[in-house]
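Participant: Sharing work_37.txt here; it has compact mmCIF, C-alpha atoms.
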# COMPACT_ATOMS: atom_id res chain seq x y z
CA PRO A 29 35.86 -40.75 12.35
CA PRO A 30 36.58 -39.14 8.98
CA LEU A 31 34.36 -36.23 7.96
CA PRO A 32 31.89 -36.77 5.10
CA ALA A 33 32.65 -35.23 1.74
CA LEU A 34 31.70 -31.59 1.11
CA ARG A 35 29.04 -32.69 -1.36
CA THR A 36 27.37 -34.70 1.42
CA PHE A 37 27.06 -31.55 3.56
CA VAL A 38 25.68 -29.60 0.59
CA ARG A 39 23.03 -32.25 -0.13
CA ARG A 40 21.98 -32.29 3.52
CA ILE A 41 21.65 -28.48 3.64
CA GLU A 42 19.61 -28.47 0.44
CA ARG A 43 17.39 -31.26 1.75
CA GLU A 44 16.79 -30.06 5.33
CA ILE A 45 16.94 -26.23 5.15
CA SER A 46 14.40 -24.23 3.17
CA PRO A 47 15.61 -21.82 0.47
CA GLN A 48 14.01 -18.93 2.38
CA VAL A 49 16.10 -19.64 5.49
CA LEU A 50 19.25 -19.87 3.37
CA THR A 51 18.47 -16.57 1.65
CA LEU A 52 17.84 -14.84 4.99
CA ALA A 53 21.06 -16.17 6.52
CA ARG A 54 23.25 -15.45 3.51
CA GLU A 55 21.81 -12.25 2.00
CA GLY A 56 19.63 -10.63 4.66
CA GLU A 57 16.02 -9.52 5.08
CA GLU A 58 15.83 -7.39 1.92
CA ALA A 59 16.86 -10.32 -0.28
CA LEU A 60 14.26 -12.49 1.48
CA MET A 61 11.56 -9.87 0.80
CA ARG A 62 12.49 -9.81 -2.89
CA SER A 63 11.99 -13.57 -3.10
CA TYR A 64 8.24 -13.15 -2.46
CA PRO A 65 5.82 -11.67 -5.02
CA ALA A 66 5.45 -7.93 -4.50
CA GLN A 67 2.09 -6.51 -3.46
CA GLU A 68 0.28 -4.87 -6.36
CA ARG A 69 -1.61 -1.76 -5.30
CA ASP A 70 -4.88 -0.82 -6.99
CA ARG A 71 -5.10 2.95 -6.68
CA SER A 72 -8.34 3.09 -8.64
CA LEU A 73 -10.11 2.46 -5.31
CA PHE A 74 -9.15 5.98 -4.23
CA THR A 75 -10.64 9.30 -5.28
CA ALA A 76 -8.82 12.59 -5.71
CA LEU A 77 -7.25 13.79 -2.44
CA GLU A 78 -8.49 10.74 -0.51
CA GLY A 79 -4.87 9.70 -0.05
CA VAL A 80 -1.58 11.54 -0.52
CA ASN A 81 2.03 10.64 0.14
CA ALA A 82 5.05 12.84 0.75
CA GLU A 83 8.80 12.55 0.56
CA GLY A 84 11.89 14.71 0.43
CA HIS A 85 14.48 14.59 -2.35
CA MET A 86 17.95 16.11 -2.64
CA TRP A 87 18.72 17.50 -6.08
CA ASP A 88 21.96 16.61 -7.87
CA VAL A 89 22.42 20.28 -8.82
CA GLY A 90 24.69 22.92 -7.33
CA VAL A 91 22.64 25.92 -6.18
CA THR A 92 23.56 29.34 -4.79
CA PHE A 93 21.12 30.12 -1.99
CA PRO A 94 19.93 33.63 -1.06
CA ASP A 95 22.34 33.78 1.90
CA GLY A 96 25.30 33.28 -0.46
CA THR A 97 26.05 29.66 0.49
CA THR A 98 26.17 26.92 -2.13
CA GLY A 99 25.04 23.31 -2.00
CA ARG A 100 22.41 20.87 -3.16
CA ALA A 101 18.80 22.01 -2.79
CA VAL A 102 16.10 19.83 -1.22
CA ILE A 103 12.48 19.51 -2.30
CA VAL A 104 9.57 18.22 -0.21
CA GLY A 105 6.61 17.20 -2.35
CA TRP A 106 3.06 15.94 -1.80
CA GLN A 107 1.58 13.60 -4.41
CA ASP A 108 -2.02 12.49 -4.91
CA LEU A 109 -2.18 8.70 -4.75
CA TYR A 110 -5.19 8.31 -7.04
CA SER A 111 -3.89 10.26 -10.02
CA GLY A 112 -0.14 10.50 -9.38
CA LYS A 113 -0.21 14.29 -9.67
CA ILE A 114 2.35 16.31 -7.69
CA LEU A 115 0.04 18.67 -5.81
CA ALA A 116 2.38 20.85 -3.74
CA TRP A 117 6.06 21.29 -3.05
CA ARG A 118 8.60 23.54 -1.35
CA ILE A 119 12.32 23.87 -2.07
CA GLY A 120 14.94 24.78 0.52
CA GLN A 121 18.41 24.06 1.85
CA THR A 122 17.51 21.16 4.14
CA GLU A 123 14.64 18.73 4.68
CA SER A 124 13.01 20.14 7.81
CA SER A 125 9.64 20.07 9.53
CA ASP A 126 9.15 23.69 8.40
CA LEU A 127 9.59 22.72 4.74
CA VAL A 128 7.12 19.85 5.21
CA ARG A 129 4.67 22.14 7.01
CA LEU A 130 4.76 24.87 4.35
CA ALA A 131 4.36 22.37 1.51
CA PHE A 132 1.41 20.79 3.34
CA CYS A 133 -0.10 24.26 3.82
CA ASP A 134 0.17 24.84 0.06
CA LEU A 135 -1.62 21.52 -0.50
CA VAL A 136 -4.47 22.33 1.88
CA ARG A 137 -4.83 25.91 0.65
CA GLY A 138 -4.77 24.92 -3.02
CA PHE A 139 -6.92 21.77 -2.99
CA GLY A 140 -8.30 20.88 0.44
CA ILE A 141 -7.65 18.58 3.39
CA PRO A 142 -6.63 15.04 2.39
CA GLY A 143 -8.24 12.05 4.06
CA ASN A 144 -5.09 9.98 4.54
CA VAL A 145 -1.36 10.64 4.31
CA TRP A 146 1.44 8.12 3.91
CA LEU A 147 4.76 9.25 5.38
CA ASP A 148 8.09 7.73 6.29
CA ASN A 149 9.41 7.93 9.83
CA GLY A 150 12.09 10.55 9.15
CA ARG A 151 12.67 13.34 11.66
CA ALA A 152 11.10 16.01 9.42
CA PHE A 153 7.81 14.12 8.90
CA ALA A 154 7.56 12.50 12.34
CA SER A 155 8.08 15.81 14.15
CA LYS A 156 5.65 16.33 17.04
CA TYR A 157 4.65 19.66 15.50
CA LEU A 158 3.30 17.78 12.47
CA THR A 159 2.13 14.36 13.61
CA GLY A 160 1.98 14.57 17.41
CA ARG A 161 -0.74 12.44 19.05
CA THR A 162 -0.65 9.92 16.18
CA PRO A 163 -1.15 6.57 17.99
CA ASN A 164 1.44 4.57 16.04
CA ARG A 165 4.08 7.27 15.79
CA TYR A 166 7.31 5.40 16.60
CA ARG A 167 9.78 8.27 16.88
CA PHE A 168 10.63 10.31 19.97
CA LYS A 169 8.97 9.59 23.31
CA VAL A 170 5.18 9.79 23.15
CA LYS A 171 3.68 11.63 26.14
CA GLU A 172 0.04 12.11 27.07
CA GLU A 173 0.51 15.86 27.44
CA ASP A 174 1.90 16.23 23.90
CA PRO A 175 -0.17 18.62 21.79
CA ALA A 176 -1.78 17.32 18.62
CA GLY A 177 0.34 17.89 15.53
CA ILE A 178 -1.02 20.22 12.87
CA ILE A 179 -1.65 17.33 10.47
CA THR A 180 -3.28 15.20 13.15
CA ALA A 181 -5.42 18.12 14.36
CA LEU A 182 -7.00 18.43 10.90
CA GLY A 183 -8.44 14.94 11.25
CA VAL A 184 -6.06 13.43 8.71
CA GLN A 185 -5.28 9.72 9.15
CA VAL A 186 -1.50 9.22 9.23
CA HIS A 187 0.03 5.98 7.92
CA TRP A 188 3.73 5.16 8.35
CA VAL A 189 5.53 3.31 5.57
CA THR A 190 8.58 1.08 5.77
CA PRO A 191 11.73 3.23 6.14
CA TYR A 192 14.29 3.07 3.32
CA HIS A 193 11.80 1.16 1.16
CA GLY A 194 11.09 3.17 -1.98
CA GLN A 195 8.33 0.87 -3.23
CA ALA A 196 6.16 1.93 -0.28
CA LYS A 197 5.91 5.54 -1.57
CA PRO A 198 4.81 6.08 -5.20
CA ILE A 199 6.33 9.58 -5.13
CA GLU A 200 9.76 7.91 -5.29
CA ARG A 201 8.95 7.06 -8.92
CA ALA A 202 8.38 10.76 -9.64
CA TRP A 203 11.74 11.64 -8.06
CA ARG A 204 13.41 9.15 -10.40
CA ASP A 205 11.83 10.93 -13.37
CA PHE A 206 12.99 14.28 -12.00
CA CYS A 207 16.56 12.99 -11.71
CA ALA A 208 16.52 12.20 -15.42
CA ASN A 209 14.43 15.07 -16.77
CA ILE A 210 14.96 18.03 -14.45
CA ALA A 211 18.36 17.65 -12.78
CA LYS A 212 19.93 17.32 -16.25
CA HIS A 213 17.94 20.24 -17.69
CA PRO A 214 19.94 22.41 -20.16
CA ALA A 215 19.44 25.38 -17.84
CA PHE A 216 21.53 23.52 -15.24
CA ALA A 217 24.45 22.71 -17.56
CA GLY A 218 27.68 22.88 -15.57
CA ALA A 219 25.79 22.74 -12.26
CA TYR A 220 24.75 19.07 -12.50
CA LEU A 221 26.79 17.15 -9.93
CA GLY A 222 25.87 13.53 -10.67
CA ASN A 223 24.09 11.15 -8.32
CA ASN A 224 27.24 9.44 -6.99
CA VAL A 225 31.01 9.86 -6.93
CA THR A 226 31.52 7.70 -10.03
CA ASN A 227 28.91 9.54 -12.11
CA LYS A 228 30.33 13.05 -12.16
CA PRO A 229 30.07 14.93 -15.49
CA ALA A 230 33.14 16.35 -17.23
CA ASN A 231 32.14 19.93 -16.30
CA TYR A 232 31.46 18.98 -12.64
CA GLY A 233 31.21 22.02 -10.38
CA SER A 234 31.96 24.60 -13.09
CA ARG A 235 29.00 26.75 -12.00
CA THR A 236 26.05 26.96 -9.64
CA VAL A 237 22.48 28.00 -10.38
CA PRO A 238 20.94 30.99 -8.58
CA PHE A 239 18.20 29.77 -6.24
CA ASP A 240 15.41 31.81 -7.88
CA GLU A 241 16.29 30.47 -11.33
CA PHE A 242 16.47 26.92 -9.98
CA VAL A 243 13.01 27.20 -8.40
CA ARG A 244 11.55 28.69 -11.58
CA VAL A 245 12.83 25.86 -13.80
CA VAL A 246 11.82 23.13 -11.35
CA GLU A 247 8.28 24.49 -10.98
CA SER A 248 7.88 24.76 -14.76
CA GLU A 249 9.05 21.18 -15.23
CA ILE A 250 6.76 19.84 -12.48
CA HIS A 251 3.76 21.44 -14.19
CA ALA A 252 4.89 19.81 -17.45
CA HIS A 253 5.28 16.49 -15.62
CA ASN A 254 1.68 16.70 -14.40
CA ALA A 255 0.33 17.69 -17.82
CA ARG A 256 2.19 15.07 -19.90
CA ILE A 257 -0.24 12.72 -21.66
CA GLY A 258 0.36 9.04 -22.33
CA ARG A 259 0.57 7.88 -18.70
CA ARG A 260 0.25 4.09 -18.59
CA THR A 261 -1.16 3.54 -15.10
CA LYS A 262 -4.53 1.79 -14.79
CA VAL A 263 -6.14 5.00 -13.59
CA CYS A 264 -4.68 7.28 -16.26
CA ASN A 265 -4.92 4.88 -19.25
CA GLY A 266 -3.17 7.30 -21.60
CA ARG A 267 -4.35 10.53 -20.01
CA SER A 268 -2.31 12.99 -17.96
CA PHE A 269 -2.09 13.20 -14.18
CA ASP A 270 -3.76 16.63 -14.39
CA ALA A 271 -6.75 15.35 -16.37
CA VAL A 272 -7.36 12.34 -14.12
CA PHE A 273 -7.11 14.41 -10.94
CA ALA A 274 -9.42 17.15 -12.25
CA GLU A 275 -12.08 14.63 -13.30
CA SER A 276 -12.19 12.95 -9.88
CA TYR A 277 -11.75 16.20 -7.92
CA ALA A 278 -14.89 17.66 -9.52
CA THR A 279 -17.10 14.89 -8.11
CA SER A 280 -15.33 13.95 -4.85
CA PRO A 281 -16.25 15.18 -1.35
CA ILE A 282 -13.39 17.52 -0.43
CA ARG A 283 -12.96 19.02 3.04
CA LYS A 284 -11.83 22.64 2.95
CA ALA A 285 -9.77 24.31 5.67
CA THR A 286 -11.04 27.36 7.50
CA SER A 287 -8.99 30.55 7.64
CA GLU A 288 -8.11 29.73 11.27
CA GLN A 289 -6.81 26.29 10.28
CA LEU A 290 -4.70 27.79 7.51
CA ARG A 291 -3.20 30.29 9.96
CA THR A 292 -2.31 27.37 12.25
CA LEU A 293 -0.45 25.69 9.39
CA LEU A 294 1.58 28.86 8.90
CA LEU A 295 2.57 29.15 12.57
CA ALA A 296 6.14 28.16 13.35
CA ALA A 297 6.93 26.42 16.64
CA GLU A 298 10.16 26.26 18.59
CA ALA A 299 10.88 24.19 21.69
CA VAL A 300 12.50 26.22 24.47
CA MET A 301 13.46 25.43 28.07
CA ALA A 302 11.93 27.32 30.96
CA ASN A 303 14.25 28.81 33.56
CA ARG A 304 14.59 26.38 36.47
CA THR A 305 14.46 29.14 39.08
CA ASP A 306 11.63 31.45 38.05
CA GLY A 307 9.98 29.59 35.15
CA SER A 308 10.61 32.40 32.64
CA VAL A 309 11.04 31.64 28.95
CA HIS A 310 13.40 33.44 26.56
CA LEU A 311 12.36 33.54 22.92
CA ALA A 312 13.57 35.77 20.07
CA GLY A 313 15.39 38.06 22.50
CA ASN A 314 12.33 38.54 24.72
CA ARG A 315 11.61 37.22 28.19
CA TYR A 316 8.18 35.82 29.01
Could you write out this structure as structure tokens?
Facilitator:
Amino acid sequence: PPLPALRTFVRRIEREISPQVLTLAREGEEALMRSYPAQERDRSLFTALEGVNAEGHMWDVGVTFPDGTTGRAVIVGWQDLYSGKILAWRIGQTESSDLVRLAFCDLVRGFGIPGNVWLDNGRAFASKYLTGRTPNRYRFKVKEEDPAGIITALGVQVHWVTPYHGQAKPIERAWRDFCANIAKHPAFAGAYLGNNVTNKPANYGSRTVPFDEFVRVVESEIHAHNARIGRRTKVCNGRSFDAVFAESYATSPIRKATSEQLRTLLLAAEAVMANRTDGSVHLAGNRY
């Protein structure tokens, strides 16, 4: 028998298959998620340091590191969810568990122990040294004999966000501001590399910024970012991140770390294999 006209097939698809199924089949899961109203988060339910989130960001600036190599620097930052203030950060060559650990130590030493942290499932944040023993930690094999990570051991509740989903971490919004206001800073003229291959400036790669100078400018601009008034979030209502955080911090119950806990945060860990014959361990040129 002859096939029906194309328009007949189209009408049947439109009549019998829901738009959501068509979107999923044609454009994928992300397009289907965008077709539903986004969740609106009310951060006014928090208090200062009750919840923080962290993320790494690679700068679009050429930097000369202390060892003489050049490349793009990486920052790991911790942001207070209530106020939006960037509380602590570290800058280095790569996003590693050490960079996350040192930035978290700065946060705890400077302000206190947060109640909850929201992290993505990247290797640096999901490292066993940081979040070991977290029940829902879906990276690496979870073993009963694993030691508690330094974040978990402090009694901090760890929450994992959707990977590659910027809306799940408010700090992503701060990184977008930094791309516009810090990466293109006049002090970095000639060192700005652009955020993709089609967005390279005319003076691309004409110079690199010494690491110390880069850190100094970035830290100055982050402090300015926190102090800028006119923030339009429901919590800030025209005030700065600094002012909102300070007001809540003064009246909130904050857990402080002991000197022993701070020393633990500063301890580096390295996984090594024991000798199969005699069980000895070699570390830093020594045999144990």
Participant: For the atom pair CA of Ala274 (chain A) and CA of Ile178 (chain A), what is the interatomic distance in Å to one decimal place?
Facilitator: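 If I compute the distance from CA of Ala274 (chain A) to CA of Ile178 (chain A), I get 26.7 Å.
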Participant: Any idea what the distance is between CA of Arg39 (chain A) and CA of Gly56 (chain A)?
Facilitator: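 CA of Arg39 (chain A) sits 22.4 Å away from CA of Gly56 (chain A).
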Participant: Just the number, please: distance in Å from CA of Gln289 (chain A) to CA of Arg315 (chain A), one decimal.
Facilitator: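 Going from CA of Gln289 (chain A) over to CA of Arg315 (chain A) covers 27.9 Å.
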Participant: Counting all atoms listed in the file, which residue out of A:Lys262, A:Ser268, A:Gly112, A:Tyr316 sits closest to Asn303 (chain A)?
Facilitator: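 Of all the options, A:Tyr316 lies closest to Asn303 (chain A).
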Participant: Closest to Trp106 (chain A) among A:Ala312, A:Val80, A:Ile119, A:Val38, using all atoms listed in the file?
Facilitator: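 Closest to Trp106 (chain A), using all atoms listed in the file: A:Val80.
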Participant: Taking (1.7, 29.4, 11.9) in the file's own coordinates, collect the residues within 12 Å, counting only C-alpha atoms, and hand them back as a PyMOL selection string.
Facilitator: chain A and resi 126+129-130+133+157-158+178+287-298
Participant: From the set A:Asn224, A:Ser111, A:Asn144, A:Ile257, which residue has the shortest atom-to-atom contact distance to Ser72 (chain A), counting all atoms listed in the file?
Facilitator: A:Ser111
Participant: Can you tell me, as JSON, numbers by chain, what residues are no more than 9 Å from region 246-251 of chain A when counting all atoms listed in the file, ignoring any on the same chain fewer than 6 positions away?
Facilitator: {"A": [114, 117, 206, 209, 210, 211, 270]}
Participant: List the neighbours of region 90-97 of chain A out to 7 Å using all atoms listed in the file; skip same-chain residues closer than 6 positions along the sequence, and give me the result as a list in words.
Facilitator: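 Skipping anything fewer than 6 positions along the chain leaves Ala219, Tyr220, Leu221, Thr236, Val237, Pro238 and Phe239 of chain A.
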Participant: Under the rule that all atoms listed in the file are counted, which of A:Trp203, A:Phe216, A:Trp146, A:Phe242 is the nearest residue to His85 (chain A)?
Facilitator: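 Nearest to His85 (chain A): A:Trp203.
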Participant: For a quick check of understanding, using all atoms listed in the file, which of A:Asp88, A:Asp205, A:Asp70, A:Glu200 has the smallest distance to Asp148 (chain A)?
Facilitator: A:Glu200
Participant: So that I can see what lies close to Val128 (chain A), please list as a PDB file with C-alpha atoms, in the frame of the given file the residues with an atom at most 8 Å from it, counting only C-alpha atoms and leaving out residues fewer than 6 positions away in the same chain.
Facilitator:
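Just written: part23.pdb:
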ATOM      1  CA  VAL A 104       9.570  18.220  -0.210  1.00  0.00           C
ATOM      2  CA  ARG A 118       8.600  23.540  -1.350  1.00  0.00           C
ATOM      3  CA  ALA A 152      11.100  16.010   9.420  1.00  0.00           C
ATOM      4  CA  PHE A 153       7.810  14.120   8.900  1.00  0.00           C
TER       5      PHE A 153
END
Participant: Pick out the closest residue to Pro214 (chain A) from this set: A:Lys113, A:Val102, A:Tyr277, A:Val245. Count only C-alpha atoms.
Facilitator: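 Closest residue, counting only C-alpha atoms: A:Val245.
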Participant: Return as lines of an AutoDock Vina configuration file the box centre and box size in Å, one decimal, for an axis-aligned box around all listed atoms of region 40-43 of chain A padded by 4 Å per side.
Facilitator:
center_x = 19.7
center_y = -30.4
center_z = 2.0
size_x = 12.6
size_y = 11.8
size_z = 11.2
Participant: Go ahead and find all residues with at least one atom no further than 10 Å from (-10.5, 20.6, 1.0) in the file's coordinates, using all atoms listed in the file; report them as a short mmCIF file (atom, residue, chain, number, x, y, z; two decimals) with C-alpha atoms, keeping the file's coordinate frame.
Facilitator:
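Resulting contents of selection_5.cif:
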data_model
loop_
_atom_site.label_atom_id
_atom_site.label_comp_id
_atom_site.auth_asym_id
_atom_site.auth_seq_id
_atom_site.Cartn_x
_atom_site.Cartn_y
_atom_site.Cartn_z
CA LEU A 77 -7.25 13.79 -2.44
CA LEU A 135 -1.62 21.52 -0.50
CA VAL A 136 -4.47 22.33 1.88
CA ARG A 137 -4.83 25.91 0.65
CA GLY A 138 -4.77 24.92 -3.02
CA PHE A 139 -6.92 21.77 -2.99
CA GLY A 140 -8.30 20.88 0.44
CA ILE A 141 -7.65 18.58 3.39
CA PRO A 142 -6.63 15.04 2.39
CA GLY A 143 -8.24 12.05 4.06
CA PRO A 281 -16.25 15.18 -1.35
CA ILE A 282 -13.39 17.52 -0.43
CA ARG A 283 -12.96 19.02 3.04
CA LYS A 284 -11.83 22.64 2.95
CA ALA A 285 -9.77 24.31 5.67
CA THR A 286 -11.04 27.36 7.50
#
Participant: Counting only C-alpha atoms, what is within 12 Å of Met301 (chain A), bar same-chain residues fewer than 5 positions away, as a PyMOL selection string?
Facilitator: chain A and resi 306-311+315-316
